[in-house]
Amino acid sequence: GDKGYLSIDYQRDLFTYNQINMEVPMRKNQHGYKPKPYIFRKPRKRIETLFSQLCDQFMIRRNYAKSFDGFKNRILSKIMA
């Protein structure tokens with residue numbers, strides 16, 4: 001999970017209803033912080049960089065779609081082009 005999903009209640013709900021165990025990396029300023037091994041940090045950085053580039057290229061934050069289907073079609077058409 002992303003560092004933004006630190007809510008214990010959210011993690012507990014995911015496990016209770018869907019049997020999903022979400023592991024969230026701790027922030028540096030939290031008690032019990034242990035840095036993740038390099039083998040996990042490298043692909044995560046690559047994925048976050050890719051998402052950032054896609055958001056900038058497709059202007060996802062500035063979207064004028066009226067529904068999720070409109071948003072989905074807009075993104076799919078840009079990827080397929």
# chains A, B, ... in the order shown; residues from 1 in each chain; ligands from 1
call {"tool": "select_by_dssp", "arguments": {"residues": "chain A", "states": "alpha helix (DSSP H)", "output": "PyMOL selection string"}}
result
chain A and resi 8-18+38-58+68-80
call {"tool": "atom_distance", "arguments": {"atom1": "CA of Lys34 (chain A)", "atom2": "CA of Leu14 (chain A)"}}
result
23.8 Å
call {"tool": "closest_residue", "arguments": {"among": "A:Arg41, A:Ser77, A:Gly70, A:Arg46", "to": "Phe58 (chain A)", "atoms": "only C-alpha atoms"}}
result
A:Ser77
call {"tool": "residues_around", "arguments": {"residues": "region 8-11 of chain A", "least_positions_apart": "4", "cutoff": "8 Å", "atoms": "only C-alpha atoms", "output": "PyMOL selection string"}}
result
chain A and resi 15+21-22
call {"tool": "write_last_selection", "arguments": {"atoms": "all heavy atoms", "output": "CSV table (one decimal), in the first residue's frame"}}
result
chain,number,residue,atom,x,y,z
A,15,PHE,N,-9.1,-6.5,5.6
A,15,PHE,CA,-8.8,-7.9,6.0
A,15,PHE,C,-10.1,-8.6,6.4
A,15,PHE,O,-10.4,-9.7,6.0
A,15,PHE,CB,-7.8,-8.0,7.1
A,15,PHE,CG,-7.4,-9.4,7.4
A,15,PHE,CD1,-6.5,-10.1,6.5
A,15,PHE,CD2,-7.9,-10.1,8.4
A,15,PHE,CE1,-6.2,-11.4,6.7
A,15,PHE,CE2,-7.6,-11.4,8.7
A,15,PHE,CZ,-6.7,-12.1,7.8
A,21,ASN,N,-4.5,-8.6,3.2
A,21,ASN,CA,-3.5,-8.1,4.2
A,21,ASN,C,-2.6,-7.0,3.6
A,21,ASN,O,-1.7,-7.3,2.8
A,21,ASN,CB,-2.7,-9.2,4.8
A,21,ASN,CG,-1.8,-8.7,5.9
A,21,ASN,OD1,-2.0,-7.7,6.5
A,21,ASN,ND2,-0.8,-9.5,6.2
A,22,MET,N,-2.9,-5.7,3.8
A,22,MET,CA,-2.2,-4.7,3.2
A,22,MET,C,-1.0,-4.2,4.1
A,22,MET,O,-1.2,-3.9,5.3
A,22,MET,CB,-3.1,-3.5,2.9
A,22,MET,CG,-2.4,-2.3,2.3
A,22,MET,SD,-3.5,-1.0,1.7
A,22,MET,CE,-4.0,-0.3,3.3
call {"tool": "atom_distance", "arguments": {"atom1": "CA of Thr49 (chain A)", "atom2": "CA of Met80 (chain A)"}}
result
20.2 Å
call {"tool": "closest_residue", "arguments": {"among": "A:Lys28, A:Pro35, A:Ile60, A:Ile47", "to": "Leu76 (chain A)", "atoms": "only C-alpha atoms"}}
result
A:Ile60
call {"tool": "residues_around", "arguments": {"residues": "Ile75 (chain A)", "least_positions_apart": "6", "cutoff": "12 Å", "atoms": "only C-alpha atoms", "output": "JSON, numbers by chain"}}
result
{"A": [54, 55, 57, 58, 59, 60, 61, 63, 64, 65, 68, 69, 81]}
call {"tool": "atom_distance", "arguments": {"atom1": "CA of Asn73 (chain A)", "atom2": "CA of Glu48 (chain A)"}}
result
22.7 Å
